[in-house]
$ cat upload.txt   # compact mmCIF, C-alpha atoms and all ligand atoms
# COMPACT_ATOMS: atom_id res chain seq x y z
CA MET A 79 -109.20 -123.67 -143.39
CA PRO A 80 -106.54 -123.78 -146.15
CA LEU A 81 -103.26 -125.49 -145.23
CA LEU A 82 -101.29 -122.50 -146.50
CA GLU A 83 -102.39 -118.95 -146.94
CA VAL A 84 -100.29 -115.96 -147.93
CA ARG A 85 -101.79 -112.51 -147.52
CA HIS A 86 -100.54 -109.32 -149.14
CA LEU A 87 -96.99 -110.61 -149.14
CA VAL A 88 -94.29 -108.05 -149.94
CA LYS A 89 -90.52 -108.45 -150.11
CA ALA A 90 -88.58 -105.33 -150.97
CA TYR A 91 -84.80 -105.27 -151.30
CA GLU A 92 -83.09 -101.93 -151.05
CA GLY A 93 -82.62 -99.97 -154.26
CA ALA A 94 -84.89 -102.12 -156.38
CA ALA A 95 -88.53 -102.58 -157.23
CA PRO A 96 -90.14 -105.03 -154.77
CA ALA A 97 -89.19 -108.63 -155.63
CA VAL A 98 -92.64 -109.69 -154.40
CA ASN A 99 -95.45 -107.16 -154.42
CA ASP A 100 -98.79 -107.75 -152.68
CA VAL A 101 -99.18 -111.45 -153.42
CA SER A 102 -102.10 -113.37 -151.88
CA PHE A 103 -103.06 -117.01 -152.47
CA SER A 104 -104.12 -120.08 -150.55
CA ILE A 105 -103.61 -123.83 -150.92
CA GLU A 106 -106.13 -126.38 -149.73
CA ARG A 107 -105.04 -129.68 -148.23
CA GLY A 108 -104.14 -132.26 -150.86
CA GLU A 109 -104.04 -129.65 -153.59
CA THR A 110 -101.20 -128.52 -155.85
CA LEU A 111 -100.91 -124.84 -156.56
CA GLY A 112 -98.64 -124.05 -159.50
CA LEU A 113 -96.63 -120.85 -159.21
CA VAL A 114 -95.43 -119.86 -162.64
CA GLY A 115 -93.50 -116.92 -164.01
CA GLU A 116 -90.32 -116.06 -165.86
CA SER A 117 -86.88 -115.81 -164.27
CA GLY A 118 -86.73 -113.02 -161.68
CA SER A 119 -90.49 -112.80 -161.23
CA GLY A 120 -90.19 -113.55 -157.50
CA LYS A 121 -91.03 -117.27 -157.29
CA SER A 122 -88.11 -118.35 -155.09
CA THR A 123 -88.52 -115.28 -152.91
CA ILE A 124 -92.09 -116.42 -152.19
CA ALA A 125 -90.83 -119.97 -151.56
CA ARG A 126 -88.30 -118.68 -149.00
CA MET A 127 -90.92 -116.63 -147.18
CA VAL A 128 -93.31 -119.59 -147.11
CA MET A 129 -90.52 -121.72 -145.61
CA GLY A 130 -89.76 -119.05 -143.03
CA LEU A 131 -86.21 -118.72 -144.38
CA ILE A 132 -86.58 -114.98 -144.99
CA GLU A 133 -88.89 -112.46 -143.37
CA PRO A 134 -91.47 -110.65 -145.48
CA THR A 135 -91.22 -106.85 -145.60
CA SER A 136 -94.96 -106.94 -144.93
CA GLY A 137 -97.85 -109.35 -145.19
CA ASP A 138 -98.50 -112.73 -143.62
CA VAL A 139 -97.80 -116.39 -144.19
CA LEU A 140 -100.27 -118.63 -142.37
CA PHE A 141 -99.61 -122.34 -142.11
CA ASP A 142 -102.64 -124.24 -140.90
CA GLY A 143 -103.96 -120.95 -139.58
CA GLN A 144 -100.78 -120.05 -137.65
CA PRO A 145 -98.75 -117.01 -138.68
CA LEU A 146 -95.11 -117.92 -139.41
CA THR A 147 -93.75 -114.48 -138.74
CA GLY A 148 -92.67 -113.76 -135.21
CA LEU A 149 -92.98 -117.39 -134.19
CA ALA A 150 -90.89 -118.47 -131.20
CA PRO A 151 -87.91 -120.68 -132.21
CA ARG A 152 -89.33 -123.77 -130.52
CA LYS A 153 -92.67 -123.44 -132.24
CA MET A 154 -90.91 -122.75 -135.54
CA ARG A 155 -88.83 -125.90 -135.12
CA HIS A 156 -91.96 -127.89 -134.57
CA LEU A 157 -93.62 -126.35 -137.59
CA ARG A 158 -90.55 -126.99 -139.75
CA ARG A 159 -91.29 -130.68 -139.64
CA ARG A 160 -94.58 -130.07 -141.35
CA LEU A 161 -93.16 -128.13 -144.31
CA GLN A 162 -90.27 -129.15 -146.52
CA ILE A 163 -88.64 -127.83 -149.67
CA VAL A 164 -87.07 -129.42 -152.73
CA PHE A 165 -84.80 -127.19 -154.82
CA GLN A 166 -83.99 -126.98 -158.50
CA ASP A 167 -80.37 -128.03 -158.41
CA PRO A 168 -80.41 -131.64 -157.26
CA TYR A 169 -76.66 -131.69 -156.69
CA ALA A 170 -76.14 -128.47 -154.73
CA ALA A 171 -78.74 -129.54 -152.19
CA LEU A 172 -76.89 -132.75 -151.32
CA ASN A 173 -73.77 -132.83 -149.18
CA PRO A 174 -71.17 -134.49 -151.47
CA ARG A 175 -69.28 -135.99 -148.51
CA MET A 176 -72.24 -137.79 -147.04
CA ARG A 177 -73.51 -141.21 -148.00
CA VAL A 178 -77.10 -141.35 -149.23
CA ALA A 179 -78.27 -143.27 -146.14
CA ASP A 180 -76.95 -140.48 -143.89
CA ILE A 181 -78.40 -137.73 -146.10
CA VAL A 182 -81.88 -139.24 -145.87
CA ALA A 183 -81.53 -140.09 -142.17
CA GLU A 184 -80.25 -136.64 -141.16
CA PRO A 185 -83.64 -134.92 -140.66
CA LEU A 186 -84.83 -137.92 -138.63
CA ILE A 187 -81.80 -137.66 -136.36
CA ILE A 188 -81.96 -133.86 -136.01
CA HIS A 189 -85.64 -133.97 -135.07
CA ARG A 190 -85.26 -137.18 -133.03
CA ALA A 191 -88.06 -138.61 -135.14
CA CYS A 192 -86.81 -142.19 -135.30
CA PRO A 193 -84.94 -144.45 -132.85
CA ARG A 194 -81.39 -145.31 -134.00
CA ALA A 195 -82.25 -148.98 -134.29
CA GLY A 196 -85.04 -148.24 -136.72
CA LEU A 197 -83.14 -145.78 -138.93
CA ARG A 198 -81.95 -148.21 -141.59
CA ALA A 199 -85.40 -149.67 -142.18
CA LYS A 200 -86.89 -146.17 -142.27
CA VAL A 201 -84.30 -144.94 -144.79
CA SER A 202 -84.89 -148.02 -146.92
CA GLU A 203 -88.63 -147.35 -146.88
CA LEU A 204 -88.11 -143.69 -147.88
CA LEU A 205 -85.73 -144.59 -150.71
CA ARG A 206 -88.20 -147.14 -152.00
CA ALA A 207 -91.00 -144.55 -151.93
CA ALA A 208 -88.80 -142.31 -154.09
CA GLY A 209 -88.05 -145.12 -156.54
CA LEU A 210 -84.57 -146.10 -155.33
CA ASP A 211 -83.41 -149.27 -153.62
CA ASP A 212 -81.09 -150.20 -150.77
CA SER A 213 -78.04 -150.29 -153.04
CA ALA A 214 -78.18 -146.47 -152.99
CA MET A 215 -77.53 -146.28 -149.25
CA ALA A 216 -73.74 -146.64 -149.13
CA ARG A 217 -73.09 -144.51 -152.21
CA PHE A 218 -72.31 -140.80 -152.55
CA PRO A 219 -74.41 -138.19 -154.47
CA HIS A 220 -71.90 -137.86 -157.33
CA GLU A 221 -72.49 -141.50 -158.24
CA PHE A 222 -76.06 -140.72 -159.29
CA SER A 223 -77.70 -139.08 -162.31
CA GLY A 224 -79.62 -135.80 -161.96
CA GLY A 225 -82.96 -137.58 -161.82
CA GLN A 226 -81.73 -140.04 -159.20
CA ARG A 227 -80.31 -137.19 -157.12
CA GLN A 228 -83.68 -135.49 -157.22
CA ARG A 229 -85.16 -138.78 -155.97
CA ILE A 230 -82.70 -138.65 -153.05
CA ASN A 231 -83.82 -135.09 -152.27
CA ILE A 232 -87.43 -136.21 -152.39
CA ALA A 233 -86.75 -139.17 -150.06
CA ARG A 234 -85.11 -136.77 -147.61
CA ALA A 235 -87.98 -134.27 -147.90
CA LEU A 236 -90.44 -137.08 -147.07
CA ALA A 237 -88.53 -138.25 -143.99
CA LEU A 238 -90.47 -136.19 -141.44
CA ARG A 239 -93.83 -136.93 -143.07
CA PRO A 240 -94.46 -133.28 -144.00
CA GLU A 241 -97.87 -131.98 -144.97
CA LEU A 242 -96.70 -129.30 -147.40
CA ILE A 243 -93.77 -129.58 -149.80
CA VAL A 244 -92.54 -126.50 -151.62
CA LEU A 245 -91.10 -127.67 -154.93
CA ASP A 246 -88.92 -124.87 -156.31
CA GLU A 247 -88.34 -125.83 -159.94
CA PRO A 248 -87.50 -129.44 -159.06
CA LEU A 249 -87.67 -130.55 -162.70
CA SER A 250 -85.98 -127.64 -164.44
CA ALA A 251 -82.46 -129.09 -164.42
CA LEU A 252 -83.59 -132.44 -165.82
CA ASP A 253 -84.06 -133.80 -169.36
CA VAL A 254 -87.67 -133.83 -170.49
CA SER A 255 -88.11 -137.62 -170.15
CA VAL A 256 -86.50 -137.70 -166.70
CA ALA A 257 -88.53 -134.66 -165.64
CA ALA A 258 -91.69 -136.50 -166.68
CA GLN A 259 -90.71 -139.50 -164.53
CA ILE A 260 -90.12 -137.29 -161.51
CA ALA A 261 -93.40 -135.46 -162.18
CA ASN A 262 -95.18 -138.82 -162.11
CA LEU A 263 -93.39 -139.75 -158.90
CA LEU A 264 -94.55 -136.48 -157.31
CA ARG A 265 -98.13 -137.27 -158.25
CA GLU A 266 -97.94 -140.79 -156.83
CA LEU A 267 -96.38 -139.53 -153.60
CA GLN A 268 -99.04 -136.86 -153.27
CA ARG A 269 -101.72 -139.55 -153.29
CA GLU A 270 -99.81 -141.99 -151.08
CA PHE A 271 -98.85 -139.48 -148.39
CA SER A 272 -101.73 -136.98 -148.73
CA LEU A 273 -99.29 -134.21 -149.61
CA THR A 274 -100.00 -130.61 -150.47
CA TYR A 275 -97.66 -128.98 -152.99
CA LEU A 276 -96.61 -125.49 -153.91
CA PHE A 277 -95.11 -126.34 -157.29
CA ILE A 278 -92.89 -123.64 -158.77
CA SER A 279 -91.94 -123.72 -162.41
CA HIS A 280 -91.45 -121.64 -165.51
CA SER A 281 -92.79 -124.48 -167.64
CA MET A 282 -96.50 -124.25 -168.36
CA PRO A 283 -96.84 -127.91 -169.46
CA MET A 284 -95.36 -129.13 -166.16
CA VAL A 285 -97.57 -126.82 -164.13
CA ARG A 286 -100.55 -127.89 -166.17
CA TYR A 287 -99.77 -131.54 -165.51
CA LEU A 288 -99.33 -131.20 -161.75
CA ALA A 289 -101.38 -128.26 -160.56
CA THR A 290 -105.08 -127.98 -159.86
CA ARG A 291 -104.82 -124.20 -159.70
CA ILE A 292 -102.26 -121.73 -160.98
CA ALA A 293 -100.89 -118.39 -159.83
CA VAL A 294 -99.08 -116.43 -162.53
CA LEU A 295 -96.36 -114.10 -161.34
CA HIS A 296 -94.97 -111.17 -163.34
CA ASN A 297 -92.42 -108.72 -161.91
CA GLY A 298 -93.35 -109.70 -158.37
CA ARG A 299 -97.07 -109.27 -158.87
CA MET A 300 -99.67 -111.96 -159.25
CA VAL A 301 -101.34 -111.21 -162.57
CA GLU A 302 -103.58 -114.25 -162.80
CA TYR A 303 -104.89 -116.80 -160.31
CA GLY A 304 -107.39 -119.58 -160.79
CA ASP A 305 -108.30 -122.99 -162.08
CA THR A 306 -105.63 -124.69 -164.23
CA ALA A 307 -107.94 -125.77 -167.05
CA GLN A 308 -109.56 -122.37 -167.19
CA ILE A 309 -106.30 -120.42 -167.25
CA CYS A 310 -104.72 -122.69 -169.83
CA SER A 311 -107.71 -122.68 -172.17
CA ALA A 312 -108.68 -119.03 -171.78
CA PRO A 313 -105.91 -116.95 -170.19
CA ARG A 314 -107.08 -113.46 -169.36
CA GLU A 315 -103.69 -111.81 -169.23
CA PRO A 316 -101.47 -111.22 -172.26
CA TYR A 317 -98.52 -112.25 -170.07
CA THR A 318 -100.07 -115.66 -169.40
CA GLN A 319 -100.72 -116.05 -173.12
CA THR A 320 -97.03 -115.38 -173.74
CA LEU A 321 -96.04 -118.02 -171.19
CA LEU A 322 -98.39 -120.54 -172.78
CA ALA A 323 -97.12 -119.75 -176.25
CA ALA A 324 -93.48 -120.00 -175.20
CA THR A 325 -93.76 -123.60 -174.09
CA PRO A 326 -94.57 -126.32 -176.60
CA GLU A 327 -97.06 -128.98 -175.63
CA ILE A 328 -95.32 -132.07 -174.29
CA ARG A 329 -96.81 -135.36 -173.34
CA ILE A 330 -96.17 -136.59 -169.84
CA GLY A 331 -97.09 -139.88 -168.29
N1 LIG B 401 -81.07 -111.36 -151.45
C1 LIG B 401 -81.47 -110.56 -152.45
N2 LIG B 401 -81.07 -109.27 -152.51
C2 LIG B 401 -81.47 -108.46 -153.48
N3 LIG B 401 -82.31 -108.83 -154.48
C3 LIG B 401 -82.74 -110.10 -154.49
C4 LIG B 401 -82.35 -111.04 -153.48
N4 LIG B 401 -82.96 -112.22 -153.74
C5 LIG B 401 -83.68 -112.04 -154.87
N5 LIG B 401 -83.55 -110.76 -155.33
C6 LIG B 401 -84.21 -110.21 -156.52
O1 LIG B 401 -85.58 -110.49 -156.44
C7 LIG B 401 -86.12 -110.75 -157.73
C8 LIG B 401 -86.85 -112.08 -157.70
O2 LIG B 401 -85.91 -113.14 -157.53
P1 LIG B 401 -86.35 -114.66 -157.39
O3 LIG B 401 -85.14 -115.46 -157.14
O4 LIG B 401 -87.45 -114.74 -156.41
O5 LIG B 401 -86.93 -114.97 -158.84
P2 LIG B 401 -87.40 -116.36 -159.48
O6 LIG B 401 -88.76 -116.12 -160.03
O7 LIG B 401 -87.23 -117.45 -158.49
O8 LIG B 401 -86.38 -116.54 -160.69
P3 LIG B 401 -85.75 -117.89 -161.31
O9 LIG B 401 -86.80 -118.45 -162.24
O10 LIG B 401 -84.56 -117.39 -162.07
O11 LIG B 401 -85.40 -118.82 -160.21
C9 LIG B 401 -84.95 -110.69 -158.70
O12 LIG B 401 -84.96 -109.45 -159.32
C10 LIG B 401 -83.76 -110.86 -157.81
O13 LIG B 401 -82.65 -110.23 -158.34
MG MG B 402 -86.11 -119.24 -158.45

$ encode --input "upload.txt" --output "structure tokens"
Amino acid sequence: MPLLEVRHLVKAYEGAAPAVNDVSFSIERGETLGLVGESGSGKSTIARMVMGLIEPTSGDVLFDGQPLTGLAPRKMRHLRRRLQIVFQDPYAALNPRMRVADIVAEPLIIHRACPRAGLRAKVSELLRAAGLDDSAMARFPHEFSGGQRQRINIARALALRPELIVLDEPLSALDVSVAAQIANLLRELQREFSLTYLFISHSMPMVRYLATRIAVLHNGRMVEYGDTAQICSAPREPYTQTLLAATPEIRIG
């Protein structure tokens, strides 16, 4: 059974063409599915439906075989621990008035996932996994660079030991060299914690580097879906060819 499956997903906002139109894909455990498409193609709308943050107009999201729609609040709360999201803007996602230690500890406290006495050690462990050290704990988000802030977001996303992480353009606001470092971190963490990723991006090289399979989105519709190597070497759709042509080859790692 795939860890995540979306079936005939539709999201229609009033007075506009559907933002997401009949999209179906699945993600196996331990796999990275790249969701790629230009701005406005519906990527974040899919991410929000997968996270249960917005309701689909129709269609289903199944996490580990369980439909997310219509789930009782208690069950949803339980499920929330198993899926996390990291957003594009590494600053907006962090509360500027909170110290890093509290930001990373917050999900643990909310979900009562760690005894108070063990919090500091747990936060330290999470920061280390994301490539930061204990000196980060007492500082505030504005004292960090974009890449470091994204590391803080990643540490926080890891706190509840999720199975699936939705990465909604986590590298797009970063310089190419910093983005490559974070991409490498994501790969290492995937191995270390047996993570499954839905990796959203408009950059073909990044998707190519991280994803085993790719879904190409155009105006809310999935126009291509398959193996990364196959799609990148022989794209079927003219739209995919345009995406590939628009992004120069960059070396990562
Ligand atoms: N709450 C909303 N109300 C109305 N329309 C919306 C809403 N949210 C998104 N849309 C529309 O849905 C479409 C898809 O938006 P979405 O944010 O999913 O695109 P995206 O692929 O994530 O783009 P980007 O690469 O810029 O992040 C857009 O046309 C957008 O204007
Ligand atoms: Mg988006």

$ residues_around --input "upload.txt" --residues "Ala251 (chain A)" --least-positions-apart "5" --cutoff "9 Å" --atoms "all atoms listed in the file" --output "list of chain:residue names"
A:Gln166, A:Asp167, A:Pro168, A:Gly224, A:Gly225, A:Ala257

$ closest_residue --input "upload.txt" --among "A:Arg177, A:Arg126, A:His189, A:Arg234" --to "Val201 (chain A)" --atoms "all atoms listed in the file"
A:Arg234

$ atom_distance --input "upload.txt" --atom1 "CA of Tyr287 (chain A)" --atom2 "CA of Asn262 (chain A)"
9.3 Å

$ residues_around --input "upload.txt" --residues "Leu186 (chain A)" --least-positions-apart "4" --cutoff "8 Å" --atoms "only C-alpha atoms" --output "PyMOL selection string"
chain A and resi 182+190-192+237-238

$ residues_near_ligand --input "upload.txt" --ligand "ligand MG 402 (chain B)" --cutoff "7 Å" --atoms "all atoms listed in the file" --output "ChimeraX atom specification"
/A:117,121-122,246

$ closest_atom_pairs --input "upload.txt" --of "chain A" --to "ligand LIG 401 (chain B)" --cutoff "6 Å" --atoms "all atoms listed in the file" --output "tab-separated table"
residue	atom	partner	partner_atom	distance
A:Tyr91	CA	B:LIG401	C2	5.1
A:Ala97	CA	B:LIG401	O1	4.1
A:Glu116	CA	B:LIG401	O9	5.6
A:Ser117	CA	B:LIG401	O9	3.3
A:Gly118	CA	B:LIG401	O5	3.5
A:Ser119	CA	B:LIG401	O6	3.9
A:Gly120	CA	B:LIG401	O4	3.2
A:Lys121	CA	B:LIG401	O6	3.7
A:Ser122	CA	B:LIG401	O7	3.6
A:Thr123	CA	B:LIG401	O4	3.7

$ residues_around --input "upload.txt" --residues "region 302-315 of chain A" --least-positions-apart "4" --cutoff "12 Å" --atoms "all atoms listed in the file" --output "ChimeraX atom specification"
/A:101-105,109-115,282-296,319-323,325,327

$ axis_aligned_box --input "upload.txt" --around "region 126-130 of chain A" --padding-each-side "8 Å" --output "AutoDock Vina command-line options"
--center_x -90.8 --center_y -119.2 --center_z -146.0 --size_x 21.0 --size_y 21.1 --size_z 22.0

$ closest_residue --input "upload.txt" --among "A:Leu252, A:Ala179, A:Glu247, A:Arg198" --to "Arg217 (chain A)" --atoms "all atoms listed in the file"
A:Ala179

$ residues_around --input "upload.txt" --residues "Ile243 (chain A)" --least-positions-apart "2" --cutoff "6 Å" --atoms "all atoms listed in the file" --output "JSON, numbers by chain"
{"A": [161, 162, 163, 275]}

$ residues_near_point --input "upload.txt" --point "(-96.8, -112.8, -145.3)" --cutoff "10 Å" --atoms "all atoms listed in the file" --output "PyMOL selection string"
chain A and resi 83-89+100-102+124+127-128+130+133-140+145-147

$ residues_around --input "upload.txt" --residues "Phe218 (chain A)" --least-positions-apart "6" --cutoff "9 Å" --atoms "all atoms listed in the file" --output "PyMOL selection string"
chain A and resi 173-178

$ atom_distance --input "upload.txt" --atom1 "CA of Pro316 (chain A)" --atom2 "CA of Ile278 (chain A)"
20.2 Å

$ closest_residue --input "upload.txt" --among "A:Gly108, A:Met79, A:Lys200, A:Pro96" --to "Gly298 (chain A)" --atoms "all atoms listed in the file"
A:Pro96

$ closest_residue --input "upload.txt" --among "A:Ala95, A:Leu273, A:Leu249, A:Met129" --to "Phe141 (chain A)" --atoms "all atoms listed in the file"
A:Met129

$ atom_distance --input "upload.txt" --atom1 "CA of Gln226 (chain A)" --atom2 "CA of Leu242 (chain A)"
21.9 Å
